[in-house]
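Please read the structure below before turning to the comments.
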Amino acid sequence: MFLAVLQLSTAARAKDFFQFSDTSVSVLTGWGYELPGDHLSAFTLENSNGWIGGDFYGFVDVRKQHDHPVNTNTWYGELSPRFSLVKMADLALRGGFVKDLLIATTWERGEDGNESYLIGAGVSVDIPSFRFFKANLYARKDKSRGAGFDDMQFTFAWRYPFQLGNYQLVTGGTSDFVFGWGPRERNLHIVPQLLLDVGEMHGKPGKYYLGLEFDYWINQFGVPNSPALDTNQLGGSLIFRVHL
């Protein structure tokens, strides 16, 4: 009896703490990638949630670099908690366009000690028909390159569902622009997706998605493009995603 009451109490506290939570797994395979080699496959675990103090997005990639001569398997992840001034200070924003003002943070971590810390300011805005549209301006510290907070990064993310005939689709993605003030070359990285809700076609809307992901990156990894080393990338992948 005590155990049952404890389980109910824990579930109630979790429900109060999280306003929503979405976890998904994706499998991708594609071509056109530069520094890892042309053919790349990945398994991605993602979570996004809204909690009583802000919101969160995080992912971990396990990658197969089919054409890499040495490092065929690698991994990379990011954790991005944001702390809402509206929620924590109980502010009321007027006008309706700006939904939230936040303290934005991100931790980037990859194989072989590649690590960066980002901190700055974020905003969530209300655009008609968009599920969300978020933007962050960070100070950036590339720890793995021995650099302090001497660079800046602008990041935005979006999700837009729409209908085409009898089909439900969604486009979404992220974009990062690193200013190039620190050890990295100025670089722009845009990763949009176009997904078909195949779950909706079988009575399970929002469960299964099939589509395309594009990866456009100027000066990939902050490495300057040159005749000797092409770091301007335009890759594309097939993607299958399941929301748990």
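How things are named: the first chain in the structure tokens is A, the next is B, and so on; residues count from 1 in each chain; ligands count from 1 in the order shown.
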
Give me, as number ranges by chain, all polymer residues having an atom no more than 7 Å from region 139-151 of chain A, counting only C-alpha atoms and skipping those fewer than 3 positions away in the same chain.
A: 113-120, 179-183

Using N, CA and C atoms, can you write the selected residues to a file as a PDB file, in the first residue's frame?
ATOM      1  N   GLY A 113      37.436  14.297 -26.679  1.00  0.00           N
ATOM      2  CA  GLY A 113      37.542  15.497 -25.862  1.00  0.00           C
ATOM      3  C   GLY A 113      37.034  16.766 -26.491  1.00  0.00           C
ATOM      4  N   ASN A 114      36.374  16.690 -27.634  1.00  0.00           N
ATOM      5  CA  ASN A 114      35.789  17.890 -28.232  1.00  0.00           C
ATOM      6  C   ASN A 114      34.648  18.387 -27.355  1.00  0.00           C
ATOM      7  N   GLU A 115      34.781  19.621 -26.838  1.00  0.00           N
ATOM      8  CA  GLU A 115      33.838  20.109 -25.850  1.00  0.00           C
ATOM      9  C   GLU A 115      33.736  21.628 -25.921  1.00  0.00           C
ATOM     10  N   SER A 116      32.497  22.135 -25.797  1.00  0.00           N
ATOM     11  CA  SER A 116      32.262  23.574 -25.809  1.00  0.00           C
ATOM     12  C   SER A 116      31.138  23.907 -24.840  1.00  0.00           C
ATOM     13  N   TYR A 117      31.215  25.132 -24.295  1.00  0.00           N
ATOM     14  CA  TYR A 117      30.180  25.652 -23.414  1.00  0.00           C
ATOM     15  C   TYR A 117      29.625  26.936 -24.021  1.00  0.00           C
ATOM     16  N   LEU A 118      28.302  27.104 -23.949  1.00  0.00           N
ATOM     17  CA  LEU A 118      27.659  28.294 -24.477  1.00  0.00           C
ATOM     18  C   LEU A 118      26.673  28.839 -23.445  1.00  0.00           C
ATOM     19  N   ILE A 119      26.647  30.155 -23.288  1.00  0.00           N
ATOM     20  CA  ILE A 119      25.692  30.788 -22.394  1.00  0.00           C
ATOM     21  C   ILE A 119      25.289  32.133 -22.980  1.00  0.00           C
ATOM     22  N   GLY A 120      24.004  32.466 -22.840  1.00  0.00           N
ATOM     23  CA  GLY A 120      23.540  33.722 -23.399  1.00  0.00           C
ATOM     24  C   GLY A 120      22.071  33.951 -23.121  1.00  0.00           C
ATOM     25  N   PHE A 179      30.378  33.383 -35.131  1.00  0.00           N
ATOM     26  CA  PHE A 179      30.886  34.651 -35.654  1.00  0.00           C
ATOM     27  C   PHE A 179      32.338  34.565 -36.134  1.00  0.00           C
ATOM     28  N   GLY A 180      33.127  33.633 -35.575  1.00  0.00           N
ATOM     29  CA  GLY A 180      34.516  33.482 -36.006  1.00  0.00           C
ATOM     30  C   GLY A 180      35.486  34.411 -35.305  1.00  0.00           C
ATOM     31  N   TRP A 181      35.143  34.861 -34.097  1.00  0.00           N
ATOM     32  CA  TRP A 181      36.033  35.730 -33.334  1.00  0.00           C
ATOM     33  C   TRP A 181      37.083  34.942 -32.554  1.00  0.00           C
ATOM     34  N   GLY A 182      36.839  33.650 -32.329  1.00  0.00           N
ATOM     35  CA  GLY A 182      37.733  32.811 -31.555  1.00  0.00           C
ATOM     36  C   GLY A 182      38.568  31.913 -32.446  1.00  0.00           C
ATOM     37  N   PRO A 183      38.836  30.672 -31.990  1.00  0.00           N
ATOM     38  CA  PRO A 183      39.710  29.776 -32.754  1.00  0.00           C
ATOM     39  C   PRO A 183      39.046  29.157 -33.973  1.00  0.00           C
TER      40      PRO A 183
END

If we count only C-alpha atoms, what is near region 87-92 of chain A at a cut-off of 10 Å, once residues fewer than 6 positions away on the same chain are taken out, given as a count of residues only?
8

Test item, strand (DSSP E) assignment across region 75-235 of chain A, answer as a CSV table (one decimal) with N, CA and C atoms, in the first residue's frame:
chain,number,residue,atom,x,y,z
A,75,TRP,N,30.7,9.6,-32.0
A,75,TRP,CA,29.5,10.1,-31.3
A,75,TRP,C,29.6,11.6,-31.0
A,76,TYR,N,28.4,12.2,-30.9
A,76,TYR,CA,28.4,13.6,-30.6
A,76,TYR,C,27.0,13.9,-29.9
A,77,GLY,N,27.0,14.9,-29.0
A,77,GLY,CA,25.7,15.3,-28.3
A,77,GLY,C,25.7,16.7,-27.9
A,78,GLU,N,24.5,17.2,-27.7
A,78,GLU,CA,24.3,18.5,-27.1
A,78,GLU,C,23.2,18.5,-26.1
A,79,LEU,N,23.3,19.2,-25.0
A,79,LEU,CA,22.3,19.4,-24.0
A,79,LEU,C,22.1,20.9,-23.9
A,80,SER,N,20.8,21.4,-24.0
A,80,SER,CA,20.5,22.8,-24.1
A,80,SER,C,19.3,23.1,-23.2
A,81,PRO,N,19.6,23.3,-21.9
A,81,PRO,CA,18.5,23.8,-21.0
A,81,PRO,C,18.4,25.3,-21.1
A,82,ARG,N,17.2,25.8,-21.0
A,82,ARG,CA,17.0,27.3,-21.0
A,82,ARG,C,16.1,27.6,-19.8
A,83,PHE,N,16.4,28.7,-19.1
A,83,PHE,CA,15.7,29.1,-17.9
A,83,PHE,C,14.8,30.3,-18.1
A,84,SER,N,13.5,30.1,-17.9
A,84,SER,CA,12.6,31.1,-18.3
A,84,SER,C,12.4,32.2,-17.3
A,98,VAL,N,6.2,37.9,-28.5
A,98,VAL,CA,7.2,37.3,-27.7
A,98,VAL,C,6.5,36.5,-26.6
A,99,LYS,N,6.8,35.2,-26.6
A,99,LYS,CA,6.2,34.3,-25.6
A,99,LYS,C,7.0,34.2,-24.4
A,100,ASP,N,8.3,34.2,-24.5
A,100,ASP,CA,9.2,34.0,-23.4
A,100,ASP,C,10.6,34.6,-23.6
A,101,LEU,N,11.2,35.0,-22.5
A,101,LEU,CA,12.6,35.5,-22.4
A,101,LEU,C,13.3,34.5,-21.5
A,102,LEU,N,14.5,34.1,-22.0
A,102,LEU,CA,15.2,33.0,-21.2
A,102,LEU,C,16.7,33.2,-21.1
A,103,ILE,N,17.3,32.6,-20.1
A,103,ILE,CA,18.7,32.4,-20.1
A,103,ILE,C,19.0,31.1,-20.8
A,104,ALA,N,19.8,31.2,-21.8
A,104,ALA,CA,20.1,30.0,-22.7
A,104,ALA,C,21.5,29.5,-22.4
A,105,THR,N,21.5,28.1,-22.3
A,105,THR,CA,22.8,27.5,-22.1
A,105,THR,C,22.9,26.2,-23.0
A,106,THR,N,24.1,25.8,-23.4
A,106,THR,CA,24.3,24.6,-24.2
A,106,THR,C,25.7,24.0,-23.8
A,107,TRP,N,25.7,22.7,-23.7
A,107,TRP,CA,26.9,22.0,-23.6
A,107,TRP,C,27.1,21.0,-24.8
A,108,GLU,N,28.1,21.2,-25.5
A,108,GLU,CA,28.5,20.3,-26.7
A,108,GLU,C,29.6,19.4,-26.3
A,109,ARG,N,29.4,18.1,-26.6
A,109,ARG,CA,30.4,17.1,-26.3
A,109,ARG,C,30.5,16.1,-27.4
A,110,GLY,N,31.8,15.9,-27.8
A,110,GLY,CA,32.0,14.8,-28.8
A,110,GLY,C,33.1,13.9,-28.4
A,115,GLU,N,34.8,19.6,-26.8
A,115,GLU,CA,33.8,20.1,-25.8
A,115,GLU,C,33.7,21.6,-25.9
A,116,SER,N,32.5,22.1,-25.8
A,116,SER,CA,32.3,23.6,-25.8
A,116,SER,C,31.1,23.9,-24.8
A,117,TYR,N,31.2,25.1,-24.3
A,117,TYR,CA,30.2,25.7,-23.4
A,117,TYR,C,29.6,26.9,-24.0
A,118,LEU,N,28.3,27.1,-23.9
A,118,LEU,CA,27.7,28.3,-24.5
A,118,LEU,C,26.7,28.8,-23.4
A,119,ILE,N,26.6,30.2,-23.3
A,119,ILE,CA,25.7,30.8,-22.4
A,119,ILE,C,25.3,32.1,-23.0
A,120,GLY,N,24.0,32.5,-22.8
A,120,GLY,CA,23.5,33.7,-23.4
A,120,GLY,C,22.1,34.0,-23.1
A,121,ALA,N,21.4,34.6,-24.1
A,121,ALA,CA,20.0,35.0,-23.9
A,121,ALA,C,19.2,34.3,-25.0
A,122,GLY,N,18.0,33.9,-24.7
A,122,GLY,CA,17.1,33.3,-25.6
A,122,GLY,C,15.7,33.9,-25.6
A,123,VAL,N,15.0,33.6,-26.7
A,123,VAL,CA,13.6,34.1,-26.9
A,123,VAL,C,12.8,33.1,-27.6
A,124,SER,N,11.5,32.9,-27.2
A,124,SER,CA,10.6,32.1,-27.9
A,124,SER,C,9.5,33.1,-28.4
A,125,VAL,N,9.2,32.9,-29.7
A,125,VAL,CA,8.2,33.9,-30.3
A,125,VAL,C,7.0,33.1,-30.8
A,132,PHE,N,6.7,25.9,-32.9
A,132,PHE,CA,7.6,26.8,-32.1
A,132,PHE,C,8.6,27.5,-33.0
A,133,PHE,N,9.1,28.6,-32.5
A,133,PHE,CA,10.2,29.3,-33.1
A,133,PHE,C,11.1,29.9,-32.0
A,134,LYS,N,12.3,29.4,-31.9
A,134,LYS,CA,13.2,29.8,-30.8
A,134,LYS,C,14.5,30.4,-31.3
A,135,ALA,N,15.0,31.4,-30.6
A,135,ALA,CA,16.3,32.0,-31.1
A,135,ALA,C,17.2,32.2,-29.8
A,136,ASN,N,18.5,32.0,-29.9
A,136,ASN,CA,19.4,32.2,-28.9
A,136,ASN,C,20.7,32.9,-29.4
A,137,LEU,N,21.2,33.8,-28.6
A,137,LEU,CA,22.5,34.4,-28.8
A,137,LEU,C,23.4,34.1,-27.7
A,138,TYR,N,24.5,33.4,-28.0
A,138,TYR,CA,25.4,32.8,-27.0
A,138,TYR,C,26.8,33.5,-27.0
A,139,ALA,N,27.5,33.5,-25.9
A,139,ALA,CA,28.9,33.6,-25.8
A,139,ALA,C,29.4,32.2,-25.8
A,140,ARG,N,30.5,31.9,-26.6
A,140,ARG,CA,30.9,30.6,-26.9
A,140,ARG,C,32.4,30.3,-26.4
A,141,LYS,N,32.6,29.2,-25.6
A,141,LYS,CA,33.9,28.8,-25.1
A,141,LYS,C,34.2,27.4,-25.7
A,142,ASP,N,35.2,27.4,-26.6
A,142,ASP,CA,35.7,26.1,-27.1
A,142,ASP,C,36.8,25.5,-26.3
A,149,PHE,N,35.8,32.4,-23.4
A,149,PHE,CA,34.5,32.9,-24.0
A,149,PHE,C,34.9,34.1,-25.0
A,150,ASP,N,35.5,33.7,-26.1
A,150,ASP,CA,35.9,34.8,-27.1
A,150,ASP,C,35.2,34.7,-28.4
A,151,ASP,N,34.1,34.0,-28.5
A,151,ASP,CA,33.4,33.9,-29.7
A,151,ASP,C,31.9,34.0,-29.4
A,152,MET,N,31.1,34.2,-30.4
A,152,MET,CA,29.7,34.4,-30.3
A,152,MET,C,29.0,33.4,-31.3
A,153,GLN,N,27.8,33.0,-30.9
A,153,GLN,CA,27.0,32.1,-31.8
A,153,GLN,C,25.5,32.5,-31.7
A,154,PHE,N,24.9,32.5,-32.9
A,154,PHE,CA,23.5,32.7,-33.0
A,154,PHE,C,22.8,31.4,-33.5
A,155,THR,N,21.8,31.0,-32.8
A,155,THR,CA,21.1,29.7,-33.1
A,155,THR,C,19.6,29.9,-33.1
A,156,PHE,N,19.0,29.4,-34.1
A,156,PHE,CA,17.5,29.3,-34.0
A,156,PHE,C,17.0,28.0,-34.4
A,157,ALA,N,15.8,27.6,-34.0
A,157,ALA,CA,15.1,26.4,-34.3
A,157,ALA,C,13.7,26.6,-34.5
A,158,TRP,N,13.1,25.8,-35.4
A,158,TRP,CA,11.7,26.0,-35.7
A,158,TRP,C,11.0,24.6,-36.0
A,159,ARG,N,9.7,24.6,-36.0
A,159,ARG,CA,8.9,23.5,-36.4
A,159,ARG,C,7.6,24.0,-36.9
A,160,TYR,N,7.2,23.5,-38.1
A,160,TYR,CA,6.0,24.0,-38.8
A,160,TYR,C,5.3,22.9,-39.4
A,161,PRO,N,4.1,22.5,-38.9
A,161,PRO,CA,3.3,21.4,-39.5
A,161,PRO,C,2.4,22.0,-40.6
A,162,PHE,N,2.1,21.2,-41.6
A,162,PHE,CA,1.2,21.7,-42.6
A,162,PHE,C,0.6,20.5,-43.4
A,163,GLN,N,-0.4,20.8,-44.1
A,163,GLN,CA,-1.1,19.7,-44.9
A,163,GLN,C,-1.0,20.0,-46.4
A,164,LEU,N,-0.7,18.9,-47.1
A,164,LEU,CA,-0.6,18.9,-48.5
A,164,LEU,C,-1.5,17.9,-49.1
A,167,TYR,N,-2.2,14.6,-47.0
A,167,TYR,CA,-1.0,14.2,-46.3
A,167,TYR,C,-0.6,15.3,-45.3
A,168,GLN,N,-0.2,14.8,-44.1
A,168,GLN,CA,0.2,15.7,-43.0
A,168,GLN,C,1.8,15.7,-43.0
A,169,LEU,N,2.4,16.9,-43.1
A,169,LEU,CA,3.8,17.0,-43.2
A,169,LEU,C,4.3,18.0,-42.1
A,170,VAL,N,5.6,18.0,-41.9
A,170,VAL,CA,6.2,18.9,-40.9
A,170,VAL,C,7.6,19.3,-41.4
A,171,THR,N,7.9,20.5,-41.4
A,171,THR,CA,9.2,21.0,-41.6
A,171,THR,C,9.8,21.6,-40.3
A,172,GLY,N,11.0,21.4,-40.1
A,172,GLY,CA,11.7,21.9,-38.9
A,172,GLY,C,13.2,21.8,-39.0
A,173,GLY,N,13.9,22.3,-38.0
A,173,GLY,CA,15.3,22.2,-38.1
A,173,GLY,C,16.0,23.2,-37.2
A,174,THR,N,17.3,23.3,-37.4
A,174,THR,CA,18.1,24.3,-36.6
A,174,THR,C,19.1,25.0,-37.5
A,175,SER,N,19.6,26.1,-37.1
A,175,SER,CA,20.6,26.9,-37.8
A,175,SER,C,21.5,27.5,-36.8
A,176,ASP,N,22.9,27.3,-37.0
A,176,ASP,CA,23.9,27.9,-36.1
A,176,ASP,C,24.8,28.8,-37.0
A,177,PHE,N,25.1,30.0,-36.4
A,177,PHE,CA,26.0,30.9,-37.1
A,177,PHE,C,27.1,31.3,-36.0
A,178,VAL,N,28.3,30.8,-36.2
A,178,VAL,CA,29.4,31.1,-35.3
A,178,VAL,C,30.2,32.3,-35.9
A,187,ASN,N,31.4,30.3,-39.4
A,187,ASN,CA,30.8,29.2,-40.1
A,187,ASN,C,29.3,29.3,-39.9
A,188,LEU,N,28.6,28.8,-40.9
A,188,LEU,CA,27.1,28.8,-41.0
A,188,LEU,C,26.7,27.3,-41.2
A,189,HIS,N,25.8,26.8,-40.3
A,189,HIS,CA,25.3,25.4,-40.4
A,189,HIS,C,23.8,25.4,-40.3
A,190,ILE,N,23.2,24.9,-41.4
A,190,ILE,CA,21.7,24.9,-41.4
A,190,ILE,C,21.3,23.4,-41.7
A,191,VAL,N,20.4,22.9,-40.8
A,191,VAL,CA,20.0,21.5,-41.0
A,191,VAL,C,18.4,21.5,-41.0
A,192,PRO,N,17.8,21.6,-42.1
A,192,PRO,CA,16.3,21.5,-42.2
A,192,PRO,C,15.9,20.1,-42.5
A,193,GLN,N,14.6,19.8,-42.1
A,193,GLN,CA,14.0,18.5,-42.4
A,193,GLN,C,12.7,18.7,-43.0
A,194,LEU,N,12.3,17.7,-43.8
A,194,LEU,CA,10.9,17.7,-44.4
A,194,LEU,C,10.4,16.2,-44.1
A,195,LEU,N,9.4,16.1,-43.3
A,195,LEU,CA,8.9,14.8,-42.9
A,195,LEU,C,7.5,14.6,-43.2
A,196,LEU,N,7.1,13.4,-43.6
A,196,LEU,CA,5.8,12.9,-43.8
A,196,LEU,C,5.3,12.1,-42.6
A,197,ASP,N,4.1,12.5,-42.1
A,197,ASP,CA,3.5,11.8,-40.9
A,197,ASP,C,2.9,10.5,-41.4
A,208,TYR,N,5.1,8.2,-36.2
A,208,TYR,CA,6.1,7.8,-37.2
A,208,TYR,C,6.2,8.8,-38.3
A,209,TYR,N,7.5,9.1,-38.6
A,209,TYR,CA,7.8,10.1,-39.7
A,209,TYR,C,8.8,9.5,-40.6
A,210,LEU,N,8.7,9.8,-41.9
A,210,LEU,CA,9.6,9.4,-42.9
A,210,LEU,C,9.9,10.6,-43.8
A,211,GLY,N,11.2,10.9,-44.1
A,211,GLY,CA,11.4,12.1,-44.9
A,211,GLY,C,12.9,12.3,-45.2
A,212,LEU,N,13.2,13.6,-45.4
A,212,LEU,CA,14.6,14.0,-45.8
A,212,LEU,C,15.2,15.0,-44.8
A,213,GLU,N,16.5,14.9,-44.6
A,213,GLU,CA,17.2,15.9,-43.9
A,213,GLU,C,18.3,16.4,-44.7
A,214,PHE,N,18.5,17.7,-44.8
A,214,PHE,CA,19.6,18.3,-45.5
A,214,PHE,C,20.6,19.0,-44.6
A,215,ASP,N,21.8,19.0,-45.0
A,215,ASP,CA,22.9,19.5,-44.1
A,215,ASP,C,23.8,20.4,-44.9
A,216,TYR,N,23.6,21.7,-44.7
A,216,TYR,CA,24.3,22.8,-45.4
A,216,TYR,C,25.3,23.4,-44.4
A,217,TRP,N,26.6,23.4,-44.7
A,217,TRP,CA,27.6,23.9,-43.7
A,217,TRP,C,28.7,24.6,-44.5
A,218,ILE,N,28.9,25.9,-44.2
A,218,ILE,CA,30.0,26.6,-44.8
A,218,ILE,C,31.1,26.6,-43.7
A,233,GLN,N,29.8,22.1,-47.3
A,233,GLN,CA,29.1,20.9,-47.4
A,233,GLN,C,27.7,21.1,-47.7
A,234,LEU,N,27.2,20.2,-48.6
A,234,LEU,CA,25.8,20.1,-48.9
A,234,LEU,C,25.4,18.6,-48.9
A,235,GLY,N,25.0,18.1,-47.8
A,235,GLY,CA,24.6,16.7,-47.7
A,235,GLY,C,23.1,16.5,-47.6

Go through region 18-218 of chain A and collect every residue that DSSP, computed from the backbone, puts in helix (DSSP H, G or I); the answer should be as a ChimeraX atom specification.
/A:85-88,111-113,143-145,200-202

What does the file look like for those residues with C-alpha atoms, as a short mmCIF file (atom, residue, chain, number, x, y, z; two decimals), in the first residue's frame?
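Saved file again-v2.cif follows:
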data_model
loop_
_atom_site.label_atom_id
_atom_site.label_comp_id
_atom_site.auth_asym_id
_atom_site.auth_seq_id
_atom_site.Cartn_x
_atom_site.Cartn_y
_atom_site.Cartn_z
CA LEU A 85 12.41 34.61 -16.83
CA VAL A 86 8.67 34.60 -17.46
CA LYS A 87 8.12 31.40 -15.49
CA MET A 88 10.62 31.95 -12.70
CA GLU A 111 34.53 12.07 -29.10
CA ASP A 112 38.23 12.70 -28.35
CA GLY A 113 37.54 15.50 -25.86
CA LYS A 143 37.31 24.20 -24.31
CA SER A 144 38.85 21.56 -26.58
CA ARG A 145 40.73 24.34 -28.43
CA GLU A 200 -1.29 9.51 -39.38
CA MET A 201 -1.92 7.41 -42.49
CA HIS A 202 -2.27 4.33 -40.25
#

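Minimum atom-to-atom distance to Gly96 (chain A), evaluated using only C-alpha atoms, belongs to A:Asp126 out of A:Asp126, A:Asp38, A:Asp67, A:Glu46.
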
Please indicate the distance in Å from CA of Ser48 (chain A) to CA of Thr23 (chain A), rounded to one decimal place.
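Atom-to-atom, CA of Ser48 (chain A) and CA of Thr23 (chain A) are spaced 6.6 Å apart.
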
For Asn219 (chain A), list every protein, DNA or RNA residue within 7 Å, evaluated using only C-alpha atoms, and leave out those in the same chain fewer than 2 positions away; present the list as a ChimeraX atom specification.
/A:185,187,217,221-225,231-232

What is the CA of Gly165 (chain A)-CA of Val198 (chain A) distance in Å, reported with one decimal?
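These atoms are spaced 14.0 Å apart.
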
List as a list in words the protein and nucleic acid residues near Leu45 (chain A), meaning an atom at most 10 Å away when only C-alpha atoms are counted, but skip any in the same chain fewer than 4 places from it.
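The residues that qualify are Thr23, Ser24, Val25, Ser26, Val27, Gly58, Phe59, Val60, Asp61, Val62, Gly77, Arg241 and Val242 of chain A.
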
His39 (chain A): which residues within 7 Å, counting only C-alpha atoms, same-chain residues fewer than 5 positions away excluded, as a list in words?
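Here the answer would be Gly30, Trp31, Gly32, Tyr33, Gln65, His66 and Asp67 of chain A.
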
Just-selected residues, C-alpha atoms written as a PDB file, in the first residue's frame:
ATOM      1  CA  GLY A  30      22.939   9.919 -46.535  1.00  0.00           C
ATOM      2  CA  TRP A  31      25.610  11.197 -48.881  1.00  0.00           C
ATOM      3  CA  GLY A  32      27.406  14.434 -49.702  1.00  0.00           C
ATOM      4  CA  TYR A  33      29.220  14.920 -46.403  1.00  0.00           C
ATOM      5  CA  GLN A  65      31.384   7.335 -41.102  1.00  0.00           C
ATOM      6  CA  HIS A  66      31.503   4.767 -43.894  1.00  0.00           C
ATOM      7  CA  ASP A  67      34.256   6.462 -45.928  1.00  0.00           C
TER       8      ASP A  67
END

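Between Ser41 (chain A) and the candidates A:Gln220, A:Ser237, A:Asn71, A:Thr29, the tightest atom-to-atom separation, counting only C-alpha atoms, involves A:Thr29.
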
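Coordinates place CA of Leu40 (chain A) at a distance of 7.1 Å from CA of Arg63 (chain A).
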